[in-house]
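The data block below is target32.cif; it holds mmCIF, C-alpha atoms.
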data_protein
#
loop_
_atom_site.label_atom_id
_atom_site.label_comp_id
_atom_site.auth_asym_id
_atom_site.auth_seq_id
_atom_site.Cartn_x
_atom_site.Cartn_y
_atom_site.Cartn_z
CA ARG A 1 -108.10 -77.09 115.49
CA LEU A 2 -107.51 -79.55 118.35
CA GLN A 3 -104.72 -77.38 119.74
CA ASP A 4 -106.91 -74.27 120.00
CA LYS A 5 -109.91 -76.22 121.28
CA TYR A 6 -107.84 -77.75 124.06
CA LEU A 7 -106.29 -74.39 124.98
CA ARG A 8 -109.72 -72.78 125.39
CA SER A 9 -111.24 -75.63 127.38
CA ALA A 10 -108.25 -76.10 129.70
CA ALA A 11 -108.00 -72.35 130.33
CA ALA A 12 -111.64 -72.49 131.45
CA ASN A 13 -110.80 -75.23 134.03
CA GLY A 14 -112.07 -78.00 131.75
CA GLY A 15 -110.61 -80.18 129.03
CA PRO A 16 -109.53 -83.85 128.86
CA ASP A 17 -107.16 -85.36 131.41
CA LEU A 18 -104.65 -86.35 128.74
CA LEU A 19 -103.72 -84.89 125.34
CA ILE A 20 -101.66 -86.48 122.56
CA GLY A 21 -99.94 -83.80 120.52
CA ALA A 22 -96.67 -82.54 119.06
CA THR A 23 -93.50 -80.86 120.29
CA ASP A 24 -94.36 -77.42 119.00
CA TRP A 25 -97.48 -77.24 121.18
CA ILE A 26 -95.53 -77.35 124.42
CA GLY A 27 -94.11 -73.84 124.67
CA LYS A 28 -97.43 -72.14 124.04
CA PHE A 29 -99.27 -74.48 126.42
CA ALA A 30 -96.63 -74.09 129.13
CA GLN A 31 -96.78 -70.29 128.90
CA SER A 32 -100.57 -70.47 129.17
CA GLU A 33 -100.28 -72.95 132.08
CA VAL A 34 -102.61 -75.46 130.47
CA VAL A 35 -100.17 -78.41 130.68
CA ALA A 36 -98.70 -79.74 133.91
CA PRO A 37 -94.94 -79.98 134.54
CA LEU A 38 -93.99 -83.57 135.29
CA ASP A 39 -90.61 -83.41 136.99
CA ASP A 40 -92.00 -84.23 140.46
CA GLN A 41 -94.52 -86.79 139.18
CA ILE A 42 -92.42 -89.18 137.09
CA PRO A 43 -89.84 -91.31 138.95
CA GLU A 44 -86.34 -91.07 137.51
CA PRO A 45 -86.17 -94.82 136.66
CA GLN A 46 -89.25 -94.38 134.49
CA LEU A 47 -87.72 -91.41 132.68
CA GLN A 48 -84.66 -93.53 131.93
CA ARG A 49 -86.88 -95.65 129.65
CA TYR A 50 -87.04 -92.83 127.09
CA GLN A 51 -84.43 -91.76 124.57
CA ASN A 52 -82.53 -88.62 125.55
CA VAL A 53 -83.28 -86.78 122.30
CA ALA A 54 -86.98 -87.30 122.96
CA LEU A 55 -86.92 -85.96 126.51
CA SER A 56 -84.79 -82.99 125.46
CA ALA A 57 -87.45 -81.94 122.95
CA LEU A 58 -90.13 -81.93 125.64
CA ARG A 59 -88.41 -79.62 128.12
CA TYR A 60 -89.27 -75.93 128.19
CA LYS A 61 -87.55 -73.44 130.51
CA GLY A 62 -85.91 -76.37 132.28
CA LYS A 63 -89.12 -78.29 133.02
CA LEU A 64 -90.47 -81.48 131.46
CA TYR A 65 -93.99 -81.04 130.09
CA ALA A 66 -94.76 -84.31 128.28
CA LEU A 67 -93.83 -87.96 127.86
CA PRO A 68 -92.61 -89.06 124.41
CA GLU A 69 -94.32 -91.70 122.30
CA SER A 70 -92.50 -91.67 118.94
CA LEU A 71 -89.82 -89.84 116.96
CA GLU A 72 -90.13 -88.21 113.56
CA THR A 73 -87.25 -87.01 111.38
CA VAL A 74 -86.06 -87.22 107.78
CA ALA A 75 -83.72 -89.71 106.12
CA LEU A 76 -82.45 -90.62 102.66
CA TYR A 77 -84.64 -92.77 100.42
CA TYR A 78 -82.92 -94.39 97.46
CA ASN A 79 -83.71 -96.71 94.57
CA LYS A 80 -81.42 -99.74 94.79
CA ALA A 81 -81.85 -100.49 91.09
CA MET A 82 -80.60 -96.99 90.21
CA ILE A 83 -77.71 -97.00 92.71
CA PRO A 84 -76.46 -100.61 92.80
CA SER A 85 -73.45 -99.83 95.03
CA GLY A 86 -75.48 -98.00 97.68
CA PRO A 87 -75.99 -94.38 98.72
CA PRO A 88 -73.22 -91.81 99.35
CA LYS A 89 -71.88 -91.50 102.89
CA THR A 90 -70.86 -87.82 102.88
CA ILE A 91 -71.64 -84.60 101.01
CA ASP A 92 -68.30 -84.76 99.19
CA HIS A 93 -69.13 -88.30 98.15
CA LEU A 94 -72.54 -87.10 96.99
CA PHE A 95 -71.06 -84.50 94.64
CA ILE A 96 -68.34 -86.85 93.36
CA ARG A 97 -70.90 -89.52 92.57
CA ALA A 98 -73.19 -87.01 90.88
CA ASN A 99 -70.53 -86.61 88.20
CA SER A 100 -70.09 -90.36 87.69
CA ARG A 101 -72.61 -91.93 85.35
CA ASP A 102 -71.11 -95.33 86.15
CA TYR A 103 -72.43 -94.98 89.69
CA TRP A 104 -76.10 -94.28 89.03
CA ASN A 105 -78.74 -93.99 86.34
CA GLY A 106 -81.75 -91.73 85.81
CA ASP A 107 -82.26 -88.04 85.16
CA TYR A 108 -81.13 -86.87 88.62
CA LEU A 109 -79.08 -88.38 91.40
CA LEU A 110 -81.07 -86.54 94.09
CA ALA A 111 -84.45 -84.78 94.11
CA TYR A 112 -84.31 -82.46 97.10
CA ASN A 113 -87.13 -80.39 98.53
CA THR A 114 -85.14 -77.39 99.81
CA GLN A 115 -87.76 -76.11 102.25
CA PHE A 116 -86.21 -75.29 105.60
CA TYR A 117 -87.55 -78.30 107.51
CA PHE A 118 -85.96 -80.74 105.03
CA THR A 119 -82.58 -79.00 104.84
CA ALA A 120 -82.09 -77.87 108.45
CA GLY A 121 -79.99 -80.94 109.28
CA TYR A 122 -77.12 -79.41 107.34
CA LEU A 123 -77.50 -76.04 109.03
CA PHE A 124 -77.10 -77.75 112.40
CA GLY A 125 -74.40 -80.10 111.09
CA TRP A 126 -72.27 -77.03 110.28
CA GLY A 127 -72.87 -75.59 113.73
CA GLY A 128 -75.75 -73.23 112.94
CA LYS A 129 -78.38 -72.33 115.53
CA LEU A 130 -81.86 -70.80 115.62
CA LEU A 131 -82.67 -69.36 119.07
CA ASP A 132 -80.64 -68.65 122.18
CA THR A 133 -81.70 -69.60 125.70
CA GLU A 134 -83.80 -66.42 125.95
CA GLY A 135 -85.69 -67.10 122.73
CA GLN A 136 -83.80 -64.46 120.73
CA ALA A 137 -82.86 -65.03 117.08
CA GLN A 138 -79.42 -66.58 116.56
CA VAL A 139 -79.52 -67.68 112.91
CA ASP A 140 -76.79 -65.43 111.45
CA SER A 141 -73.59 -67.49 111.74
CA PRO A 142 -70.76 -68.94 109.60
CA GLY A 143 -72.48 -72.33 109.78
CA ALA A 144 -75.65 -70.86 108.27
CA VAL A 145 -73.65 -69.34 105.43
CA ARG A 146 -72.04 -72.72 104.67
CA TRP A 147 -75.49 -74.33 104.70
CA LEU A 148 -76.84 -71.84 102.16
CA ASP A 149 -73.70 -72.21 100.02
CA PHE A 150 -74.31 -75.95 99.98
CA LEU A 151 -77.92 -75.51 98.84
CA LYS A 152 -76.77 -73.04 96.16
CA SER A 153 -74.24 -75.58 94.86
CA MET A 154 -76.95 -78.22 94.67
CA ARG A 155 -79.29 -75.91 92.78
CA GLU A 156 -76.57 -75.10 90.23
CA HIS A 157 -75.58 -78.74 89.62
CA PRO A 158 -77.38 -80.34 86.65
CA ARG A 159 -77.61 -83.74 88.37
CA PHE A 160 -79.55 -82.47 91.37
CA ALA A 161 -83.19 -81.36 91.27
CA ALA A 162 -83.11 -78.88 94.18
CA LYS A 163 -86.30 -76.86 94.54
CA SER A 164 -88.54 -75.68 97.40
CA ASP A 165 -91.39 -77.94 96.34
CA TYR A 166 -92.39 -81.13 98.18
CA GLY A 167 -94.52 -82.49 95.35
CA TYR A 168 -91.80 -81.93 92.75
CA ALA A 169 -89.14 -83.92 94.59
CA ASP A 170 -91.64 -86.60 95.61
CA ALA A 171 -92.87 -87.11 92.03
CA LEU A 172 -89.36 -87.38 90.55
CA PHE A 173 -88.49 -90.15 92.99
CA ARG A 174 -91.77 -92.01 92.52
CA GLU A 175 -91.44 -91.81 88.74
CA LYS A 176 -87.88 -93.21 88.96
CA LYS A 177 -86.40 -90.11 87.40
CA ALA A 178 -84.38 -89.39 90.55
CA ALA A 179 -82.33 -92.08 92.27
CA MET A 180 -82.71 -90.55 95.75
CA THR A 181 -84.82 -88.14 97.77
CA ILE A 182 -85.02 -86.93 101.37
CA ASN A 183 -88.30 -87.38 103.21
CA GLY A 184 -89.89 -88.53 106.45
CA PRO A 185 -91.36 -91.86 107.62
CA TRP A 186 -94.83 -90.73 106.54
CA ALA A 187 -93.76 -91.38 102.91
CA LEU A 188 -92.50 -94.92 103.53
CA GLY A 189 -95.69 -96.82 102.70
CA ASP A 190 -96.24 -95.00 99.42
CA TYR A 191 -92.63 -95.49 98.32
CA GLN A 192 -92.80 -99.18 99.19
CA GLN A 193 -95.85 -99.56 96.95
CA VAL A 194 -94.00 -97.96 94.03
CA LEU A 195 -90.51 -99.48 94.43
CA GLY A 196 -91.10 -102.67 96.42
CA ASN A 197 -87.82 -104.43 97.23
CA ASP A 198 -85.85 -101.79 95.31
CA LEU A 199 -86.52 -99.23 98.05
CA GLY A 200 -83.66 -98.47 100.41
CA VAL A 201 -83.51 -96.08 103.38
CA ALA A 202 -80.32 -94.69 104.93
CA PRO A 203 -79.24 -91.83 107.20
CA LEU A 204 -78.54 -88.53 105.45
CA PRO A 205 -75.11 -88.08 103.84
CA MET A 206 -72.80 -86.72 106.54
CA VAL A 207 -71.46 -83.18 106.48
CA GLU A 208 -68.02 -84.82 106.47
CA ASP A 209 -66.51 -88.03 107.85
CA MET A 210 -67.79 -88.59 111.41
CA VAL A 211 -69.81 -85.34 111.36
CA PRO A 212 -73.48 -86.23 110.79
CA ALA A 213 -76.29 -84.09 109.47
CA MET A 214 -78.56 -83.22 112.41
CA PRO A 215 -82.15 -82.82 111.14
CA PHE A 216 -85.09 -81.79 113.24
CA VAL A 217 -86.52 -84.48 115.49
CA GLY A 218 -90.17 -83.96 116.34
CA ILE A 219 -91.92 -85.95 119.04
CA LYS A 220 -95.45 -87.26 119.28
CA CYS A 221 -96.08 -86.91 122.98
CA LEU A 222 -98.55 -87.16 125.86
CA MET A 223 -99.37 -84.03 127.88
CA PHE A 224 -101.34 -83.76 131.11
CA ASN A 225 -104.06 -81.29 132.02
CA PRO A 226 -103.29 -79.38 135.25
CA ASN A 227 -107.04 -79.33 135.99
CA SER A 228 -106.96 -83.11 136.46
CA THR A 229 -105.68 -84.12 139.88
CA GLY A 230 -105.85 -87.01 142.29
CA GLU A 231 -107.25 -90.25 140.88
CA ARG A 232 -107.82 -88.74 137.43
CA ARG A 233 -104.15 -87.77 137.16
CA GLU A 234 -103.08 -91.21 138.35
CA ARG A 235 -105.21 -92.88 135.68
CA ALA A 236 -103.78 -90.59 133.01
CA LEU A 237 -100.25 -91.46 134.10
CA ASP A 238 -101.10 -95.17 134.12
CA PHE A 239 -102.41 -94.89 130.57
CA ALA A 240 -99.25 -93.06 129.47
CA ASN A 241 -97.14 -95.86 130.97
CA PHE A 242 -99.17 -98.45 129.11
CA PHE A 243 -99.16 -96.49 125.85
CA THR A 244 -95.35 -96.18 125.89
CA SER A 245 -94.70 -99.72 127.10
CA THR A 246 -92.42 -101.96 125.06
CA SER A 247 -95.30 -104.22 124.02
CA ASN A 248 -97.47 -101.36 122.80
CA MET A 249 -94.56 -99.57 121.11
CA THR A 250 -93.84 -102.80 119.24
CA ARG A 251 -97.42 -102.78 117.96
CA MET A 252 -97.17 -99.10 117.00
CA LEU A 253 -93.95 -99.83 115.12
CA ASP A 254 -95.38 -102.80 113.24
CA MET A 255 -98.88 -101.48 112.55
CA ALA A 256 -98.51 -97.68 112.37
CA GLY A 257 -94.88 -97.18 111.37
CA HIS A 258 -94.03 -95.17 114.50
CA VAL A 259 -90.35 -94.92 115.46
CA PRO A 260 -90.44 -95.63 119.21
CA ALA A 261 -89.12 -93.02 121.65
CA ILE A 262 -88.23 -95.64 124.27
CA LYS A 263 -84.93 -97.39 124.81
CA GLY A 264 -84.55 -101.14 124.60
CA LEU A 265 -86.76 -101.71 121.56
CA ALA A 266 -84.29 -102.53 118.81
CA ILE A 267 -85.53 -102.09 115.27
CA PRO A 268 -83.92 -104.79 113.06
CA ASP A 269 -81.15 -103.38 110.86
CA ASP A 270 -82.94 -104.48 107.69
CA HIS A 271 -86.17 -102.68 108.68
CA PRO A 272 -86.63 -99.43 106.71
CA LEU A 273 -87.46 -97.50 109.90
CA ALA A 274 -84.07 -98.40 111.38
CA ALA A 275 -82.50 -95.59 109.33
CA PHE A 276 -84.87 -93.06 110.90
CA GLU A 277 -84.04 -94.34 114.37
CA ARG A 278 -80.30 -93.98 113.71
CA GLN A 279 -80.76 -90.52 112.18
CA ALA A 280 -82.88 -89.36 115.12
CA LYS A 281 -80.06 -90.17 117.55
CA TRP A 282 -77.93 -87.59 115.73
CA GLY A 283 -80.80 -85.15 115.29
CA THR A 284 -81.75 -81.76 116.69
CA PRO A 285 -84.81 -81.69 118.97
CA LEU A 286 -87.46 -79.45 117.45
CA PRO A 287 -87.53 -76.41 119.76
CA PRO A 288 -90.76 -76.15 121.78
CA ASP A 289 -90.35 -72.37 122.17
CA PRO A 290 -93.34 -70.32 120.97
CA GLU A 291 -90.81 -68.08 119.19
CA MET A 292 -90.06 -70.97 116.84
CA LYS A 293 -93.16 -70.19 114.78
CA GLU A 294 -91.49 -66.92 113.73
CA VAL A 295 -88.50 -68.82 112.28
CA TRP A 296 -90.01 -70.90 109.49
CA THR A 297 -91.05 -68.29 106.93
CA PRO A 298 -87.88 -66.10 107.15
CA MET A 299 -85.63 -69.15 106.82
CA ASP A 300 -87.56 -70.39 103.78
CA LYS A 301 -87.28 -66.87 102.38
CA ALA A 302 -83.49 -66.90 102.89
CA ILE A 303 -83.25 -70.18 100.99
CA GLU A 304 -85.27 -68.78 98.09
CA GLU A 305 -83.20 -65.58 97.98
CA VAL A 306 -80.07 -67.69 97.54
CA LEU A 307 -81.49 -70.26 95.10
CA THR A 308 -82.96 -67.58 92.84
CA GLY A 309 -79.87 -65.37 92.97
CA VAL A 310 -81.59 -62.45 94.68
CA ASN A 311 -78.98 -62.35 97.48
CA PRO A 312 -75.73 -64.15 98.36
CA PRO A 313 -75.81 -66.39 101.45
CA PRO A 314 -74.36 -63.83 103.94
CA LYS A 315 -76.93 -61.21 102.96
CA ALA A 316 -79.82 -63.68 102.88
CA ILE A 317 -79.13 -65.03 106.36
CA ALA A 318 -78.59 -61.52 107.75
CA ASN A 319 -82.01 -60.59 106.38
CA ALA A 320 -83.52 -63.66 108.05
CA GLN A 321 -81.90 -62.75 111.38
CA SER A 322 -83.38 -59.24 111.27
CA LEU A 323 -86.82 -60.43 110.22
CA ILE A 324 -87.05 -63.18 112.84
CA GLN A 325 -85.94 -60.88 115.66
CA ALA A 326 -88.41 -58.20 114.57
CA LYS A 327 -91.24 -60.76 114.53
CA ILE A 328 -90.30 -62.06 117.99
CA GLU A 329 -90.22 -58.55 119.45
CA ALA A 330 -93.56 -57.66 117.85
CA VAL A 331 -95.23 -60.75 119.32
CA ARG A 332 -93.83 -60.04 122.79
CA LYS A 333 -95.25 -56.53 122.74
CA GLN A 334 -98.78 -57.81 122.10
#

Translate this file's structure into structure tokens.
Amino acid sequence: RLQDKYLRSAAANGGPDLLIGATDWIGKFAQSEVVAPLDDQIPEPQLQRYQNVALSALRYKGKLYALPESLETVALYYNKAMIPSGPPKTIDHLFIRANSRDYWNGDYLLAYNTQFYFTAGYLFGWGGKLLDTEGQAQVDSPGAVRWLDFLKSMREHPRFAAKSDYGYADALFREKKAAMTINGPWALGDYQQVLGNDLGVAPLPMVEDMVPAMPFVGIKCLMFNPNSTGERRERALDFANFFTSTSNMTRMLDMAGHVPAIKGLAIPDDHPLAAFERQAKWGTPLPPDPEMKEVWTPMDKAIEEVLTGVNPPPKAIANAQSLIQAKIEAVRKQ
């Protein structure tokens, strides 16, 4: 993989001057000292060009280790022909509308892939957390229990297709059996081909009025090799400035469907990516901590325990807390 190849080459005093990667690379690279901190190299006026949620995701142990290029989060896709009056604004509205056949048509109102990444916005919306400032597990909380209760209610409702299966939810929406689904911008082109002008995109239904869901926000970003200094570093910084300029971000938006991480580039309200931009402003930066890799599997396991009736939400999230902390401690002993 590119990540491992870069790590080996940079650790051996080699590697490229500049690397384009993802948020979850930063913690491991920073610990291994194969990416350069940028706080004393980027003037504050230049940093002000970037959205705050993007910069927050690229800080590790108080230091900035990358410059953001684009944002990635999830939003609500819906079929306008199946929901003529528009999507629900809140979770309560979602459940009320699910029981009203005058509001929508199809087999399901929502096809929801319940894997942790796609549902985490509601965990955070109810105040749940993952890791504390020391990288210790912090998942067992009242907010996490409410999140799992919500997923359980969706699974038990006959008008929701809630299952930990990306392909299942994706197919139901494509086949027009489900009026809505939750997915990322990577699915936009395919959904446009299937639904054409009937495709709508909106922020996720809020937890309650004025309390948004807060899904993960990942960042495509530019990192700098500490082995590159002097003129080579200057050229890498110049390229990063060009690559994240307003003119180039406009091209990336139009041609590649990237949601820009800079301020001052307004996406038109009727553009489907505008919903992702709005949702990202309410989102939760994907933690760069290396400990984060120990979170995914236990949290998916907690969801499955609840959806299959193996354990109630308090027990399932307590199990996840214990498992994540044990994994973190085992890795730190290595």

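With distances restricted to all atoms listed in the file, A:Ser141 is the closest residue to Lys315 in chain A from A:Ser141, A:Thr114, A:Thr119, A:Ser85.
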
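If only C-alpha atoms are the atoms counted, then among A:Glu291, A:Asp17, A:Asp254, A:Asp190 the closest residue to His271 in chain A is A:Asp254.
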
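Using all atoms listed in the file, the nearest neighbour of Lys61 in chain A within the list A:Gln321, A:Ser164, A:Thr133, A:Asn241 is A:Thr133.
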
Practice problem: Please provide the set of residues having any atom within 12 Å of Met292 in chain A, restricted to only C-alpha atoms, with same-chain residues fewer than 4 positions apart removed, written as a ChimeraX atom specification. | Solution: /A:23-28,129-132,134-139,286-288,296-299,324-325,327-328,331

Generate a file of the selected residues that holds C-alpha atoms, formatted as a short mmCIF file (atom, residue, chain, number, x, y, z; two decimals), keeping the file's coordinate frame.
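Resulting contents of out-v3.cif:
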data_model
loop_
_atom_site.label_atom_id
_atom_site.label_comp_id
_atom_site.auth_asym_id
_atom_site.auth_seq_id
_atom_site.Cartn_x
_atom_site.Cartn_y
_atom_site.Cartn_z
CA THR A 23 -93.50 -80.86 120.29
CA ASP A 24 -94.36 -77.42 119.00
CA TRP A 25 -97.48 -77.24 121.18
CA ILE A 26 -95.53 -77.35 124.42
CA GLY A 27 -94.11 -73.84 124.67
CA LYS A 28 -97.43 -72.14 124.04
CA LYS A 129 -78.38 -72.33 115.53
CA LEU A 130 -81.86 -70.80 115.62
CA LEU A 131 -82.67 -69.36 119.07
CA ASP A 132 -80.64 -68.65 122.18
CA GLU A 134 -83.80 -66.42 125.95
CA GLY A 135 -85.69 -67.10 122.73
CA GLN A 136 -83.80 -64.46 120.73
CA ALA A 137 -82.86 -65.03 117.08
CA GLN A 138 -79.42 -66.58 116.56
CA VAL A 139 -79.52 -67.68 112.91
CA LEU A 286 -87.46 -79.45 117.45
CA PRO A 287 -87.53 -76.41 119.76
CA PRO A 288 -90.76 -76.15 121.78
CA TRP A 296 -90.01 -70.90 109.49
CA THR A 297 -91.05 -68.29 106.93
CA PRO A 298 -87.88 -66.10 107.15
CA MET A 299 -85.63 -69.15 106.82
CA ILE A 324 -87.05 -63.18 112.84
CA GLN A 325 -85.94 -60.88 115.66
CA LYS A 327 -91.24 -60.76 114.53
CA ILE A 328 -90.30 -62.06 117.99
CA VAL A 331 -95.23 -60.75 119.32
#

Quiz item: Which one of A:Thr229, A:Met180, A:Thr244, A:Lys281 sits closest to Asn13 in chain A if you count all atoms listed in the file?
Solution: A:Thr229

Skipping near chain neighbours, those fewer than 4 positions away, what residues fall within 8 Å of Leu55 in chain A using all atoms listed in the file, listed as a CSV table (one decimal) with C-alpha atoms, in the frame of the given file?
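Final file, result-v3.csv:
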chain,number,residue,atom,x,y,z
A,50,TYR,CA,-87.0,-92.8,127.1
A,51,GLN,CA,-84.4,-91.8,124.6
A,59,ARG,CA,-88.4,-79.6,128.1
A,64,LEU,CA,-90.5,-81.5,131.5
A,67,LEU,CA,-93.8,-88.0,127.9
A,68,PRO,CA,-92.6,-89.1,124.4

Return as a short mmCIF file (atom, residue, chain, number, x, y, z; two decimals) with C-alpha atoms, in the coordinates of the input the set of residues that the PyMOL selection byres ((chain A and resi 280) around 12) yields on the displayed structure.
data_model
loop_
_atom_site.label_atom_id
_atom_site.label_comp_id
_atom_site.auth_asym_id
_atom_site.auth_seq_id
_atom_site.Cartn_x
_atom_site.Cartn_y
_atom_site.Cartn_z
CA GLN A 51 -84.43 -91.76 124.57
CA ASN A 52 -82.53 -88.62 125.55
CA VAL A 53 -83.28 -86.78 122.30
CA ALA A 54 -86.98 -87.30 122.96
CA ALA A 57 -87.45 -81.94 122.95
CA SER A 70 -92.50 -91.67 118.94
CA LEU A 71 -89.82 -89.84 116.96
CA GLU A 72 -90.13 -88.21 113.56
CA THR A 73 -87.25 -87.01 111.38
CA VAL A 74 -86.06 -87.22 107.78
CA ALA A 75 -83.72 -89.71 106.12
CA GLY A 121 -79.99 -80.94 109.28
CA GLY A 184 -89.89 -88.53 106.45
CA PRO A 185 -91.36 -91.86 107.62
CA ALA A 202 -80.32 -94.69 104.93
CA PRO A 203 -79.24 -91.83 107.20
CA LEU A 204 -78.54 -88.53 105.45
CA PRO A 212 -73.48 -86.23 110.79
CA ALA A 213 -76.29 -84.09 109.47
CA MET A 214 -78.56 -83.22 112.41
CA PRO A 215 -82.15 -82.82 111.14
CA PHE A 216 -85.09 -81.79 113.24
CA VAL A 217 -86.52 -84.48 115.49
CA GLY A 218 -90.17 -83.96 116.34
CA ILE A 219 -91.92 -85.95 119.04
CA VAL A 259 -90.35 -94.92 115.46
CA PRO A 260 -90.44 -95.63 119.21
CA ALA A 261 -89.12 -93.02 121.65
CA LEU A 273 -87.46 -97.50 109.90
CA ALA A 274 -84.07 -98.40 111.38
CA ALA A 275 -82.50 -95.59 109.33
CA PHE A 276 -84.87 -93.06 110.90
CA GLU A 277 -84.04 -94.34 114.37
CA ARG A 278 -80.30 -93.98 113.71
CA GLN A 279 -80.76 -90.52 112.18
CA LYS A 281 -80.06 -90.17 117.55
CA TRP A 282 -77.93 -87.59 115.73
CA GLY A 283 -80.80 -85.15 115.29
CA THR A 284 -81.75 -81.76 116.69
CA PRO A 285 -84.81 -81.69 118.97
CA LEU A 286 -87.46 -79.45 117.45
#

What's the 10 Å shell around Gly143 in chain A, counting all atoms listed in the file, without same-chain residues fewer than 6 positions away, as a short mmCIF file (atom, residue, chain, number, x, y, z; two decimals) with C-alpha atoms, keeping the file's coordinate frame?
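Saved as part.cif:
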data_model
loop_
_atom_site.label_atom_id
_atom_site.label_comp_id
_atom_site.auth_asym_id
_atom_site.auth_seq_id
_atom_site.Cartn_x
_atom_site.Cartn_y
_atom_site.Cartn_z
CA TYR A 122 -77.12 -79.41 107.34
CA LEU A 123 -77.50 -76.04 109.03
CA PHE A 124 -77.10 -77.75 112.40
CA GLY A 125 -74.40 -80.10 111.09
CA TRP A 126 -72.27 -77.03 110.28
CA GLY A 127 -72.87 -75.59 113.73
CA GLY A 128 -75.75 -73.23 112.94
CA LYS A 129 -78.38 -72.33 115.53
CA ASP A 149 -73.70 -72.21 100.02
#

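Between CA of Met252 in chain A and CA of Arg49 in chain A lies a distance of 16.7 Å.
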
Practice problem: Run the PyMOL selection byres ((chain A and resi 2) around 12) on the file and write out the hits as a PyMOL selection string. | Solution: chain A and resi 1+3-10+15-16+19-22+25

As a check of understanding, name the residues that the PyMOL selection byres ((chain A and resi 81) around 12) selects in the supplied structure, as a tab-separated table (two decimals) with C-alpha atoms, in the coordinates of the input.
chain	number	residue	atom	x	y	z
A	78	TYR	CA	-82.92	-94.39	97.46
A	79	ASN	CA	-83.71	-96.71	94.57
A	80	LYS	CA	-81.42	-99.74	94.79
A	82	MET	CA	-80.60	-96.99	90.21
A	83	ILE	CA	-77.71	-97.00	92.71
A	84	PRO	CA	-76.46	-100.61	92.80
A	85	SER	CA	-73.45	-99.83	95.03
A	86	GLY	CA	-75.48	-98.00	97.68
A	87	PRO	CA	-75.99	-94.38	98.72
A	103	TYR	CA	-72.43	-94.98	89.69
A	104	TRP	CA	-76.10	-94.28	89.03
A	105	ASN	CA	-78.74	-93.99	86.34
A	106	GLY	CA	-81.75	-91.73	85.81
A	176	LYS	CA	-87.88	-93.21	88.96
A	177	LYS	CA	-86.40	-90.11	87.40
A	178	ALA	CA	-84.38	-89.39	90.55
A	179	ALA	CA	-82.33	-92.08	92.27
A	180	MET	CA	-82.71	-90.55	95.75
A	195	LEU	CA	-90.51	-99.48	94.43
A	196	GLY	CA	-91.10	-102.67	96.42
A	197	ASN	CA	-87.82	-104.43	97.23
A	198	ASP	CA	-85.85	-101.79	95.31
A	199	LEU	CA	-86.52	-99.23	98.05
A	200	GLY	CA	-83.66	-98.47	100.41

Exercise. Using all atoms listed in the file, determine which residues lie at most 12 Å from Glu304 in chain A, disregarding the query and same-chain residues fewer than 5 positions distant; provide the list as a PyMOL selection string.
Key: chain A and resi 113-116+148+151-152+155+162-165+297-299+309-313+316-317+320

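In this structure, CA of Pro158 in chain A sits 26.5 Å away from CA of Pro142 in chain A.
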
Quiz item: From the list A:Val306, A:Ala266, A:Ala30, A:Ala66, which residue is nearest Leu18 in chain A when using all atoms listed in the file?
Solution: A:Ala66

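Across the model, the gap from CA of Leu237 in chain A to CA of Ile42 in chain A is 8.7 Å.
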
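Shortest separation to Glu33 in chain A among A:Asn227, A:Arg159, A:His93, A:Pro45 occurs at residue A:Asn227, atoms counted being all atoms listed in the file.
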
Six-sided padding of 5 Å per side, axis-aligned box over range 12-23 of chain A, centre and edges in Å, one decimal, as lines of an AutoDock Vina configuration file:
center_x = -102.8
center_y = -79.5
center_z = 126.5
size_x = 28.6
size_y = 24.0
size_z = 25.0
